[in-house]
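Okay, structure first, notes after.
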Amino acid sequence: MFLELWKKECGQVAKSLIYWLYVIVLAVFFVSQLGSLKSHMLKEPKKGQDSYAEYGTMQSNDEREIMRTALSSLAQGIWYEDFTTYPVGFVKHITLSEEEMDEIEGILLETTGMSRDAAGEDIARHFQENNPENSYVPYVAEPKEGLAYEDFLRKMERVSEILGPGSDFTEERMKASAKLPMDYEGAMEAYRDLVEKDGYTGGYLRLFCDYMGIILGILPVFVAATRILRDKRAQMQDLIFARKASSFAIITSRYAAMLCMMMAPVMVLSLAPVVECVTFTKGSKIALDYLAFLKYDLGWLLPTVMVVTALGLFLTEITESALAVLVQGIWWFAAISLGVDKLHGGQYGWNLIPRHNTEINYSGFANGYTQLVYNRIFYVILAIALTAVTILIYEKKRKGHLRRRGKILRNYKRTDEA
Amino acid sequence: MKTKIEIQHLDKFYGQKKALSDVSLTIEEGMFGLLGRNGAGKTTIMKVLATLLEKQGGSVKICGIPVENASEIRKITGYLPQDFSMYPNMSVYEAMDYLGVLSGLTKAERKQRIPMLLEKVNLQSNYRTKVKALSGGMKRRLGIAQAILHNPKILIVDEPTAGLDPEERVRFRNLLCEIADDRIVILSTHIVGDIEATCEKIAVLDEGKILFQGTVAELLHLVEGKVYKAEISRHELDAVKERFLVTSILALGNNVMIRLLAEEAPFQGAGRCEPGVEDAYMYLMQGRGDLLCS
């Protein structure tokens, strides 16, 4: 019976509008946030090349380096009139008023001695001398002679206030951004890790999981809540409750069908990075891990989909309302916010949405791997527990308990009123 | 195992309110009617039988199986709820197929039974019609088809004719009688005509208690010789209604033809007539002889 029910439930999901909205949002998110990885694909670094920036950077704690990095970013933001923040993990382009821009330009002048126009000329000159089409050499703005680190921090705090939450000019973010350019040895190590330990595709699939984990931390709850509420809306509950099928078979077949239907487009999309890796490495001797997408989809993303769906089932079944969407929305917001300063990967903790926003940093992944495994197992167990409780609630409802509608409840109400 | 429902001293509460009180019924093969006004407890009995509500006291056995054994009971009962509905975007066939799977039918069984049942309820030309496009009567017929999909020994039908036009109501009643050939069909309703036309045995329920249990003939026997018919003027009607239980009024110009219940001839010009189920039902509902003033 389970298999037959599962097939029927898959059909129900496939015919629901909310599922196709899920697929569209997933696809749009993939294209807009990740898109083609061609420009990210790494080649073996060559000794003496102008820059190894694409292979990552090395962390620096030097105050002068912190100031140079932040001021470079500030100068470019002013010149290109392009400031971005990450208030909840998503990029947000900030449009400043004339007064705000004047104030920020004043801060640039006080910290670097450069006006907006002077910064523009400096940036243009730098990129003329270091043609970015050949290799990328990052622009560096030097701090003004005698600029004290504390004074710099105060001024950047003001910039942060103007730009709003999630700006790059908080002390924490500036320290995290202050990195030294990668040297050849470091670049070679990152590349070797990608090729030898990650089978090349692994690094890009981690990046895929990083992005898709964000959207899969919220979308499945809509599909789950809608499926349960459909029974209530169509007044199907009594018809189904009175049937032979066990509560276990009904709930697990629904759950399994939703998981399969929601993971199917994820798996299709995850083939895109694999295909791009195959195309890019054609003719090379790199041994690609063709099946890495299965490991990452099922190991990294499936637990997220499982727990979000299970929470949706549980809360919707017990409340017969869309409360699950609100609860999941809060959890999702918290998870995204907690992950903002852990984008580089390796610090997975117990976050619902583990972050690894780079195709490199294999060493970080390896160091955090055990924690990541614990994290994912925890969410699978939580999902199973929530599903088990949902089955118990469903069984109770089949015997007339916990019902929130119908003639019987009206009787209860009349009694209460009396 | 004999097809039989045995209800002994059944009690059911909603919070503090007693919905069923010491209900005892024995129901055997054929059509059985549960008659009572809204809120009498008919739906509660139906739901207890369909395992959708748990009882608090007494015992209920269906074909010898205690109702607590819900999984076994569900195999032998079919249920048509009062507010029957289906997923609106499913076609008639898809809806039947889905419920067939939930009833544990194999693919072959579904393929064989669904067309047969749709033909039985005269929906054979509506396989692909969406449920939302069906009329009220067609929906009820689909409801019957889904309820007997797994060929249950017991069919529980809760107020099935409410909202149907007279033609559909007659068609539906006939359908129920055909189905009742080899099983128990329990029909709950507050429409006396439904019972009169279909059921041989009935129970009358009020405020959670059984007022009457027996055959229609036995029910009629309660008011034998107590039903009178008279033509009176409209001005006299209020005075008559104050003294007697009037069960029907038919306007005839300035006069009205009334049926009333009385222990003996109520006034001159009133003649005894054949009792109907409605008369007997009203007699029971109004506290039997108490209101039959002389």
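Residues in the structure tokens are named by chain (A, B, ... in the order shown) and by number from 1 within that chain; ligands are numbered from 1 in the order shown.
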
Chain A residues near chain B (6 Å cut-off, only C-alpha atoms) as a tab-separated table (two decimals) with C-alpha atoms, in the first residue's frame:
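Output below, filename iface_1.tsv:
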```
chain	number	residue	atom	x	y	z
A	234	ALA	CA	-11.34	20.13	0.51
A	235	GLN	CA	-13.05	18.64	3.61
A	236	MET	CA	-11.31	15.36	2.90
A	243	ARG	CA	-10.16	4.40	5.37
A	244	LYS	CA	-8.18	1.25	6.01
A	245	ALA	CA	-4.76	2.87	5.43
A	398	ARG	CA	-8.61	10.08	13.36
A	399	LYS	CA	-10.28	9.23	16.65
A	400	GLY	CA	-11.86	12.64	16.99
A	412	TYR	CA	-17.84	21.86	22.06
```

**OP:** as a PyMOL selection string, list the residues of stretch 65-231 of chain B assigned to strand (DSSP E) by DSSP on the backbone atoms of this structure.
**Re:** chain B and resi 65-66+77-80+154-158+184-189+201-206+209-215+227-231

Which neighbours of stretch 11-20 of chain A fall inside 7 Å, counting only C-alpha atoms, when residues of the same chain fewer than 4 positions from it are skipped, and could you give them as an mmCIF file with C-alpha atoms, in the first residue's frame?
```
data_model
loop_
_atom_site.group_PDB
_atom_site.id
_atom_site.type_symbol
_atom_site.label_atom_id
_atom_site.label_comp_id
_atom_site.auth_asym_id
_atom_site.auth_seq_id
_atom_site.Cartn_x
_atom_site.Cartn_y
_atom_site.Cartn_z
ATOM 1 C CA LYS A 7 2.885 7.301 -6.200
ATOM 2 C CA ILE A 24 10.436 28.234 -10.354
ATOM 3 C CA VAL A 223 4.824 22.769 0.041
ATOM 4 C CA MET A 258 7.245 15.537 -0.868
#
```

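Neighbours of stretch 262-265 of chain A closer than or equal to 9 Å, with only C-alpha atoms counted and sequence neighbours fewer than 6 positions away skipped, come out as Tyr19, Tyr22, Val23, Leu26, Ala27, Pro220, Val223, Asp297, Leu298, Leu301, Leu302 and Val305 of chain A.
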
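In this model, the gap between atom CA of A:Tyr139 and atom CA of A:Phe127 comes to 7.7 Å.
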
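In this model, the gap between atom CA of A:Ala141 and atom CA of A:Asp82 comes to 16.8 Å.
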
Original post:
Could you work out how far atom CA of B:Ile148 lies from atom CA of B:Gly57, giving the answer in Å with one decimal?
Top reply: 29.3 Å

**OP:** Please report, as a list in words, each residue of stretch 312-361 of chain A to which DSSP assigns helix (DSSP H, G or I) when run on this structure's backbone.
**Re:** Gly312, Leu313, Phe314, Leu315, Thr316, Glu317, Ile318, Thr319, Leu323, Ala324, Val325, Leu326, Val327, Gln328, Gly329, Ile330, Trp331, Trp332, Phe333, Ala334, Ala335, Ile336, Ser337, Leu338, Gly339, Val340, Asp341 and Lys342 of chain A

Output file for the residues above (C-alpha atoms, as a PDB file, in the first residue's frame):
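So selection-v5.pdb came out as:
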```
ATOM      1  CA  GLY A 312       5.837  22.016   8.198  1.00  0.00           C
ATOM      2  CA  LEU A 313       3.907  18.738   8.478  1.00  0.00           C
ATOM      3  CA  PHE A 314       4.004  18.705  12.263  1.00  0.00           C
ATOM      4  CA  LEU A 315       2.934  22.293  12.908  1.00  0.00           C
ATOM      5  CA  THR A 316       0.301  22.320  10.176  1.00  0.00           C
ATOM      6  CA  GLU A 317      -1.191  19.028  11.325  1.00  0.00           C
ATOM      7  CA  ILE A 318      -1.412  20.140  14.943  1.00  0.00           C
ATOM      8  CA  THR A 319      -2.613  23.715  14.348  1.00  0.00           C
ATOM      9  CA  LEU A 323       1.732  28.831  11.565  1.00  0.00           C
ATOM     10  CA  ALA A 324       4.530  26.569  10.317  1.00  0.00           C
ATOM     11  CA  VAL A 325       5.444  29.151   7.681  1.00  0.00           C
ATOM     12  CA  LEU A 326       5.871  31.825  10.349  1.00  0.00           C
ATOM     13  CA  VAL A 327       7.912  29.569  12.644  1.00  0.00           C
ATOM     14  CA  GLN A 328      10.122  28.361   9.813  1.00  0.00           C
ATOM     15  CA  GLY A 329      10.527  31.961   8.625  1.00  0.00           C
ATOM     16  CA  ILE A 330      11.902  32.941  12.033  1.00  0.00           C
ATOM     17  CA  TRP A 331      14.216  29.917  12.162  1.00  0.00           C
ATOM     18  CA  TRP A 332      15.417  30.608   8.626  1.00  0.00           C
ATOM     19  CA  PHE A 333      16.117  34.270   9.419  1.00  0.00           C
ATOM     20  CA  ALA A 334      18.106  33.286  12.510  1.00  0.00           C
ATOM     21  CA  ALA A 335      20.068  30.629  10.571  1.00  0.00           C
ATOM     22  CA  ILE A 336      20.950  33.050   7.780  1.00  0.00           C
ATOM     23  CA  SER A 337      22.002  35.764  10.215  1.00  0.00           C
ATOM     24  CA  LEU A 338      24.163  33.344  12.207  1.00  0.00           C
ATOM     25  CA  GLY A 339      25.919  32.192   9.058  1.00  0.00           C
ATOM     26  CA  VAL A 340      26.831  35.631   7.698  1.00  0.00           C
ATOM     27  CA  ASP A 341      30.311  35.717   9.225  1.00  0.00           C
ATOM     28  CA  LYS A 342      30.980  32.058   8.477  1.00  0.00           C
TER      29      LYS A 342
END
```

**OP:** Tell me which protein, DNA and RNA residues are within 9 Å of stretch 195-205 of chain B, counting only C-alpha atoms, leaving out same-chain ones fewer than 2 positions away, and put them as an NGL selection string.
**Re:** :B and (25 or 27 or 30-37 or 40-42 or 170 or 173-174 or 176-177 or 187-193 or 207-217 or 219 or 276-278 or 281 or 284-285)

Original post:
Can you list, as an NGL selection string, every protein, DNA or RNA residue that comes within 8 Å of stretch 194-199 of chain A when you count only C-alpha atoms, leaving out same-chain residues fewer than 3 positions away?
Top reply: :A and (190-191 or 202-203 or 286-289 or 360 or 362)
